[in-house]
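See below for my_file36.cif, which holds mmCIF, C-alpha atoms.
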```cif
data_input
loop_
_atom_site.label_atom_id
_atom_site.label_comp_id
_atom_site.auth_asym_id
_atom_site.auth_seq_id
_atom_site.Cartn_x
_atom_site.Cartn_y
_atom_site.Cartn_z
CA MET A 1 -92.23 -86.81 -214.71
CA ALA A 2 -88.49 -87.13 -214.07
CA PRO A 3 -86.36 -84.09 -214.91
CA ILE A 4 -84.06 -84.32 -217.90
CA HIS A 5 -80.40 -84.24 -216.90
CA ARG A 6 -78.12 -82.78 -219.51
CA PRO A 7 -74.34 -83.06 -219.23
CA LEU A 8 -72.36 -79.87 -218.96
CA PRO A 9 -71.09 -78.54 -222.30
CA VAL A 10 -67.43 -79.28 -222.98
CA HIS A 11 -66.38 -75.65 -222.43
CA SER A 12 -68.11 -75.64 -219.00
CA ARG A 13 -66.36 -78.86 -217.96
CA SER A 14 -63.02 -77.42 -219.06
CA LEU A 15 -63.70 -74.26 -217.09
CA LEU A 16 -64.60 -76.30 -213.97
CA CYS A 17 -61.41 -78.39 -214.32
CA ALA A 18 -59.29 -75.26 -214.70
CA LEU A 19 -60.98 -73.72 -211.65
CA ALA A 20 -60.35 -76.87 -209.58
CA LEU A 21 -56.67 -76.93 -210.58
CA ALA A 22 -56.33 -73.23 -209.77
CA LEU A 23 -57.88 -73.76 -206.34
CA ILE A 24 -55.47 -76.60 -205.60
CA ASP A 25 -52.52 -74.30 -206.32
CA LEU A 26 -54.20 -71.08 -205.08
CA PRO A 27 -51.74 -70.40 -202.22
CA ALA A 28 -48.76 -70.53 -204.56
CA LEU A 29 -50.54 -68.40 -207.16
CA LEU A 30 -51.36 -65.73 -204.56
CA SER A 31 -47.80 -65.58 -203.32
CA GLY A 32 -46.33 -65.56 -206.85
CA ASP A 33 -44.44 -68.80 -206.19
CA ALA A 34 -46.48 -71.22 -208.30
CA GLY A 35 -44.68 -74.54 -208.43
CA THR A 36 -41.83 -73.41 -206.14
CA ALA A 37 -43.30 -73.97 -202.64
CA ARG A 38 -40.90 -75.82 -200.34
CA ALA A 39 -42.09 -78.91 -198.45
CA ASP A 40 -41.51 -77.30 -195.02
CA GLU A 41 -43.53 -74.14 -195.81
CA PRO A 42 -47.23 -73.89 -194.95
CA VAL A 43 -49.41 -73.88 -198.08
CA SER A 44 -51.76 -71.09 -197.05
CA PRO A 45 -52.56 -67.85 -198.87
CA CYS A 46 -52.19 -66.01 -195.57
CA SER A 47 -50.97 -66.85 -192.10
CA ARG A 48 -54.45 -66.68 -190.53
CA CYS A 49 -56.70 -68.35 -193.12
CA ASN A 50 -57.56 -71.81 -194.45
CA LEU A 51 -58.85 -73.02 -197.80
CA LEU A 52 -61.14 -76.05 -197.49
CA VAL A 53 -62.28 -78.24 -200.39
CA GLY A 54 -64.63 -81.13 -199.83
CA ILE A 55 -67.50 -83.37 -200.76
CA GLY A 56 -70.87 -83.86 -199.17
CA ALA A 57 -74.51 -84.80 -199.57
CA THR A 58 -77.95 -83.34 -199.05
CA TYR A 59 -80.41 -84.93 -196.65
CA ARG A 60 -83.78 -84.37 -195.04
CA PHE A 61 -85.06 -86.05 -191.87
CA PHE A 62 -82.44 -88.82 -191.98
CA ALA A 63 -83.11 -89.58 -195.66
CA TRP A 64 -80.68 -88.80 -198.50
CA MET A 65 -81.93 -86.43 -201.20
CA ASP A 66 -79.69 -87.85 -203.95
CA SER A 67 -77.39 -84.90 -204.58
CA ALA A 68 -73.68 -84.64 -204.01
CA VAL A 69 -72.37 -81.28 -202.78
CA VAL A 70 -68.98 -79.80 -203.62
CA PRO A 71 -68.04 -77.14 -201.04
CA VAL A 72 -65.11 -74.73 -201.40
CA THR A 73 -64.72 -72.42 -198.40
CA LEU A 74 -62.18 -69.84 -197.35
CA GLU A 75 -61.84 -69.19 -193.62
CA LEU A 76 -60.35 -65.89 -192.51
CA ASP A 77 -58.93 -64.52 -189.25
CA GLU A 78 -58.11 -67.90 -187.66
CA SER A 79 -61.46 -69.45 -188.71
CA ARG A 80 -63.60 -66.64 -187.28
CA TRP A 81 -65.13 -65.83 -190.68
CA GLU A 82 -66.07 -68.02 -193.63
CA VAL A 83 -67.01 -67.38 -197.24
CA GLY A 84 -67.92 -70.32 -199.40
CA ALA A 85 -69.28 -71.62 -202.69
CA PHE A 86 -71.36 -74.80 -202.83
CA ARG A 87 -72.35 -76.72 -205.95
CA MET A 88 -75.34 -79.05 -205.80
CA THR A 89 -74.29 -81.43 -208.54
CA SER A 90 -77.63 -83.04 -209.42
CA ALA A 91 -81.37 -82.73 -208.93
CA GLN A 92 -82.69 -83.50 -205.46
CA ARG A 93 -85.82 -85.34 -204.42
CA TYR A 94 -87.95 -84.72 -201.35
CA LEU A 95 -89.29 -87.32 -198.89
CA ASP A 96 -92.11 -88.51 -201.14
CA ASN A 97 -89.69 -88.88 -204.07
CA ALA A 98 -91.03 -85.68 -205.62
CA HIS A 99 -88.61 -83.53 -207.62
CA ALA A 100 -87.35 -80.81 -205.24
CA THR A 101 -84.51 -78.96 -206.98
CA ASP A 102 -82.40 -78.81 -210.09
CA PRO A 103 -78.60 -78.49 -209.73
CA TYR A 104 -77.67 -75.03 -208.46
CA TRP A 105 -74.97 -72.90 -206.85
CA ALA A 106 -75.09 -71.42 -203.36
CA PHE A 107 -72.79 -68.93 -201.64
CA THR A 108 -72.38 -68.27 -197.92
CA ALA A 109 -70.77 -65.75 -195.63
CA MET A 110 -70.80 -66.44 -191.92
CA ARG A 111 -69.27 -65.76 -188.54
CA ARG A 112 -67.80 -68.82 -186.83
CA TRP A 113 -67.20 -69.35 -183.11
CA GLN A 114 -64.84 -71.95 -181.68
CA VAL A 115 -66.72 -73.39 -178.70
CA VAL A 116 -64.44 -76.34 -177.81
CA HIS A 117 -60.69 -76.78 -178.30
CA ARG A 118 -59.27 -80.09 -177.13
CA ALA A 119 -56.14 -81.04 -179.04
CA PRO A 120 -56.25 -82.37 -181.71
CA TRP A 121 -59.90 -81.40 -182.40
CA ARG A 122 -62.16 -78.34 -182.21
CA LEU A 123 -65.89 -77.67 -182.35
CA TYR A 124 -67.30 -74.65 -184.22
CA LEU A 125 -70.73 -73.04 -184.46
CA GLY A 126 -71.53 -70.62 -187.27
CA PHE A 127 -74.26 -68.23 -188.31
CA GLY A 128 -74.57 -66.08 -191.41
CA ALA A 129 -76.23 -65.54 -194.77
CA ASN A 130 -76.72 -67.76 -197.79
CA TYR A 131 -77.57 -66.91 -201.40
CA ARG A 132 -78.96 -69.56 -203.78
CA THR A 133 -79.01 -69.16 -207.55
CA GLU A 134 -82.60 -70.45 -207.74
CA THR A 135 -85.80 -70.76 -205.76
CA ASP A 136 -87.48 -74.15 -205.69
CA TYR A 137 -89.55 -76.61 -203.68
CA LEU A 138 -87.17 -76.39 -200.69
CA GLU A 139 -86.74 -72.60 -200.50
CA THR A 140 -88.98 -69.82 -201.78
CA THR A 141 -86.33 -67.13 -201.27
CA ARG A 142 -82.85 -66.72 -202.72
CA TRP A 143 -81.45 -65.12 -199.54
CA ASN A 144 -81.51 -67.33 -196.45
CA PHE A 145 -79.94 -67.75 -193.05
CA ALA A 146 -77.00 -70.17 -192.82
CA TYR A 147 -76.22 -72.30 -189.75
CA LEU A 148 -73.19 -74.52 -189.12
CA VAL A 149 -71.99 -77.11 -186.58
CA ALA A 150 -68.51 -78.39 -187.44
CA ALA A 151 -65.92 -80.68 -185.85
CA ARG A 152 -62.34 -80.07 -186.95
CA PHE A 153 -59.43 -82.46 -186.63
CA ASP A 154 -55.83 -81.25 -186.94
CA LEU A 155 -53.76 -83.58 -189.10
CA GLY A 156 -50.38 -82.54 -187.75
CA SER A 157 -47.84 -80.50 -189.61
CA ARG A 158 -48.24 -77.75 -192.19
CA ASP A 159 -51.71 -76.64 -191.08
CA ARG A 160 -53.52 -79.62 -192.62
CA LEU A 161 -57.00 -80.34 -191.25
CA LEU A 162 -60.15 -82.35 -191.78
CA GLU A 163 -63.55 -80.82 -191.02
CA PHE A 164 -66.90 -82.58 -190.70
CA GLY A 165 -69.77 -80.09 -191.00
CA ILE A 166 -73.53 -80.10 -190.74
CA ARG A 167 -75.18 -77.10 -192.38
CA HIS A 168 -78.74 -75.82 -192.64
CA TRP A 169 -80.01 -73.03 -194.88
CA SER A 170 -83.41 -71.60 -194.06
CA ASN A 171 -85.47 -68.46 -194.68
CA ALA A 172 -86.96 -68.73 -191.14
CA TRP A 173 -90.52 -68.64 -192.53
CA ILE A 174 -90.05 -65.15 -194.00
CA ARG A 175 -91.93 -66.52 -197.00
CA PRO A 176 -93.66 -69.90 -196.57
CA PRO A 177 -93.22 -72.68 -197.25
CA ASN A 178 -89.81 -73.05 -195.62
CA ARG A 179 -88.53 -76.60 -196.01
CA GLY A 180 -84.86 -75.59 -195.83
CA GLN A 181 -81.74 -77.23 -197.22
CA ASP A 182 -79.64 -79.60 -195.11
CA LEU A 183 -76.04 -80.52 -195.98
CA ILE A 184 -73.43 -82.78 -194.52
CA THR A 185 -69.85 -82.14 -195.70
CA LEU A 186 -66.34 -83.50 -195.21
CA SER A 187 -63.61 -81.03 -196.18
CA TYR A 188 -59.83 -81.11 -196.34
CA GLY A 189 -58.15 -77.87 -195.39
CA PHE A 190 -54.75 -76.40 -196.09
#
```
Structure translated into structure tokens:
Amino acid sequence: MAPIHRPLPVHSRSLLCALALALIDLPALLSGDAGTARADEPVSPCSRCNLLVGIGATYRFFAWMDSAVVPVTLELDESRWEVGAFRMTSAQRYLDNAHATDPYWAFTAMRRWQVVHRAPWRLYLGFGANYRTETDYLETTRWNFAYLVAARFDLGSRDRLLEFGIRHWSNAWIRPPNRGQDLITLSYGF
């Protein structure tokens, strides 16, 4: 039986829109200069961090699982650390078209290492922890390990960047079964 998809209530959609607008103008809000940032100033809440907002998809063994992902991550200390929120926007299906998950939120905290730096791109590896708001067919635990491989491309001036990331969340067979969650994301950073 297919799951029933209900649209978000109006107040939830309004809250999500307000949150998205706040994130777009977060650097100015943090500095107290909302709406007054000059074109030649970097738009970053701090001199050593980046805010990345993107879009992505879930997959498993080279097959799409029919869910878009909206990642919002904050990198600290020149991209050495990352905290992020991920929204799985719709239900996912597994390889045999079985229902795997309902929409959910996930949060990560990880250490990142820059392993290659060849202007204008960089390669990062990351390892950390992940918390999911539900357990389901893919993961039987809420707390999981988080892995990352990311290629970053500098877009020139004002600390703009584009990052292509492949992520995997897994409980490492702490409690079987452990199917894991695989994500591919493209994020714009400022």
**OP:** Go through A:Ser79, A:Ser90, A:Asp96, A:Thr140 and flag the residue nearest Arg122 (chain A), using only C-alpha atoms for the distances.
**Re:** A:Ser79
Original post:
Could you name the residues that touch Phe127 (chain A) at 6 Å or less, counting only C-alpha atoms, but leaving out those on the same chain fewer than 5 positions away, as number ranges by chain?
Top reply: A: 110-111, 146-147
Determine the residue membership of the PyMOL selection byres ((chain A and resi 82) around 12) for the file above and supply it as a PDB file with C-alpha atoms, in the frame of the given file.
```pdb
ATOM      1  CA  CYS A  49     -56.700 -68.350-193.120  1.00  0.00           C
ATOM      2  CA  ASN A  50     -57.560 -71.810-194.450  1.00  0.00           C
ATOM      3  CA  LEU A  51     -58.850 -73.020-197.800  1.00  0.00           C
ATOM      4  CA  LEU A  52     -61.140 -76.050-197.490  1.00  0.00           C
ATOM      5  CA  PRO A  71     -68.040 -77.140-201.040  1.00  0.00           C
ATOM      6  CA  VAL A  72     -65.110 -74.730-201.400  1.00  0.00           C
ATOM      7  CA  THR A  73     -64.720 -72.420-198.400  1.00  0.00           C
ATOM      8  CA  LEU A  74     -62.180 -69.840-197.350  1.00  0.00           C
ATOM      9  CA  GLU A  75     -61.840 -69.190-193.620  1.00  0.00           C
ATOM     10  CA  LEU A  76     -60.350 -65.890-192.510  1.00  0.00           C
ATOM     11  CA  ASP A  77     -58.930 -64.520-189.250  1.00  0.00           C
ATOM     12  CA  GLU A  78     -58.110 -67.900-187.660  1.00  0.00           C
ATOM     13  CA  SER A  79     -61.460 -69.450-188.710  1.00  0.00           C
ATOM     14  CA  ARG A  80     -63.600 -66.640-187.280  1.00  0.00           C
ATOM     15  CA  TRP A  81     -65.130 -65.830-190.680  1.00  0.00           C
ATOM     16  CA  VAL A  83     -67.010 -67.380-197.240  1.00  0.00           C
ATOM     17  CA  GLY A  84     -67.920 -70.320-199.400  1.00  0.00           C
ATOM     18  CA  ALA A  85     -69.280 -71.620-202.690  1.00  0.00           C
ATOM     19  CA  PHE A 107     -72.790 -68.930-201.640  1.00  0.00           C
ATOM     20  CA  THR A 108     -72.380 -68.270-197.920  1.00  0.00           C
ATOM     21  CA  ALA A 109     -70.770 -65.750-195.630  1.00  0.00           C
ATOM     22  CA  MET A 110     -70.800 -66.440-191.920  1.00  0.00           C
ATOM     23  CA  ARG A 111     -69.270 -65.760-188.540  1.00  0.00           C
ATOM     24  CA  ARG A 112     -67.800 -68.820-186.830  1.00  0.00           C
ATOM     25  CA  TRP A 113     -67.200 -69.350-183.110  1.00  0.00           C
ATOM     26  CA  TYR A 124     -67.300 -74.650-184.220  1.00  0.00           C
ATOM     27  CA  LEU A 125     -70.730 -73.040-184.460  1.00  0.00           C
ATOM     28  CA  GLY A 126     -71.530 -70.620-187.270  1.00  0.00           C
ATOM     29  CA  PHE A 127     -74.260 -68.230-188.310  1.00  0.00           C
ATOM     30  CA  GLY A 128     -74.570 -66.080-191.410  1.00  0.00           C
ATOM     31  CA  ALA A 129     -76.230 -65.540-194.770  1.00  0.00           C
ATOM     32  CA  ASN A 130     -76.720 -67.760-197.790  1.00  0.00           C
ATOM     33  CA  ALA A 146     -77.000 -70.170-192.820  1.00  0.00           C
ATOM     34  CA  TYR A 147     -76.220 -72.300-189.750  1.00  0.00           C
ATOM     35  CA  LEU A 148     -73.190 -74.520-189.120  1.00  0.00           C
TER      36      LEU A 148
END
```
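Closest approach to Trp143 (chain A) among A:Ser187, A:Ser170, A:Gly156, A:His117: A:Ser170, based on only C-alpha atoms.
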With a distance cut-off of 9 Å and all atoms listed in the file, select the neighbouring residues of Met88 (chain A), excluding the residue or stretch itself and same-chain residues fewer than 5 positions from it, and output the selection as a compact mmCIF listing (two decimals) with C-alpha atoms, in the frame of the given file.
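Now in out_3.txt:
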```txt
# COMPACT_ATOMS: atom_id res chain seq x y z
CA ALA A 57 -74.51 -84.80 -199.57
CA THR A 58 -77.95 -83.34 -199.05
CA SER A 67 -77.39 -84.90 -204.58
CA ALA A 68 -73.68 -84.64 -204.01
CA VAL A 69 -72.37 -81.28 -202.78
CA VAL A 70 -68.98 -79.80 -203.62
CA PRO A 71 -68.04 -77.14 -201.04
CA ASP A 102 -82.40 -78.81 -210.09
CA PRO A 103 -78.60 -78.49 -209.73
CA TYR A 104 -77.67 -75.03 -208.46
CA TRP A 105 -74.97 -72.90 -206.85
CA ALA A 106 -75.09 -71.42 -203.36
```
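The smallest atom-to-atom distance between Glu163 (chain A) and any of A:Leu186, A:Ala63, A:Ala119, A:Val149, using only C-alpha atoms, is found for A:Leu186.
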Subject >> Å distance separating CA of Phe190 (chain A) from CA of Tyr59 (chain A), one decimal place >> reply: 27.0 Å
May I have the residues within 6 Å of Trp169 (chain A) as a PDB file with C-alpha atoms, keeping the file's coordinate frame, using only C-alpha atoms and disregarding those fewer than 6 positions away in the same chain?
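Saved file out-v2.pdb follows:
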```
ATOM      1  CA  PHE A 145     -79.940 -67.750-193.050  1.00  0.00           C
ATOM      2  CA  ALA A 146     -77.000 -70.170-192.820  1.00  0.00           C
ATOM      3  CA  GLY A 180     -84.860 -75.590-195.830  1.00  0.00           C
ATOM      4  CA  GLN A 181     -81.740 -77.230-197.220  1.00  0.00           C
TER       5      GLN A 181
END
```
Subject >> Computed interatomic separation between CA of Leu95 (chain A) and CA of Trp64 (chain A) (Å) >> reply: 8.7 Å
Original post:
How far is it from CA of Ile166 (chain A) to CA of Asp182 (chain A), in Å with one decimal?
Top reply: 7.5 Å
Original post:
Leaving out Asp154 (chain A) and any residue of its chain fewer than 2 positions from it, which residues lie within 12 Å of it when counting all atoms listed in the file, given as a PyMOL selection string?
Top reply: chain A and resi 117-123+151-152+156-164+188-190
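Evaluated against the shown file, the PyMOL selection byres ((chain A and resi 139) around 7) gives A:Thr135, A:Asp136, A:Tyr137, A:Leu138, A:Thr140, A:Thr141, A:Asn178, A:Arg179, A:Gly180.
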Subject >> A:Phe86, A:Tyr131, A:Phe153, A:Tyr94 ranked by distance to Leu183 (chain A), top pick (using only C-alpha atoms) >> reply: A:Phe86
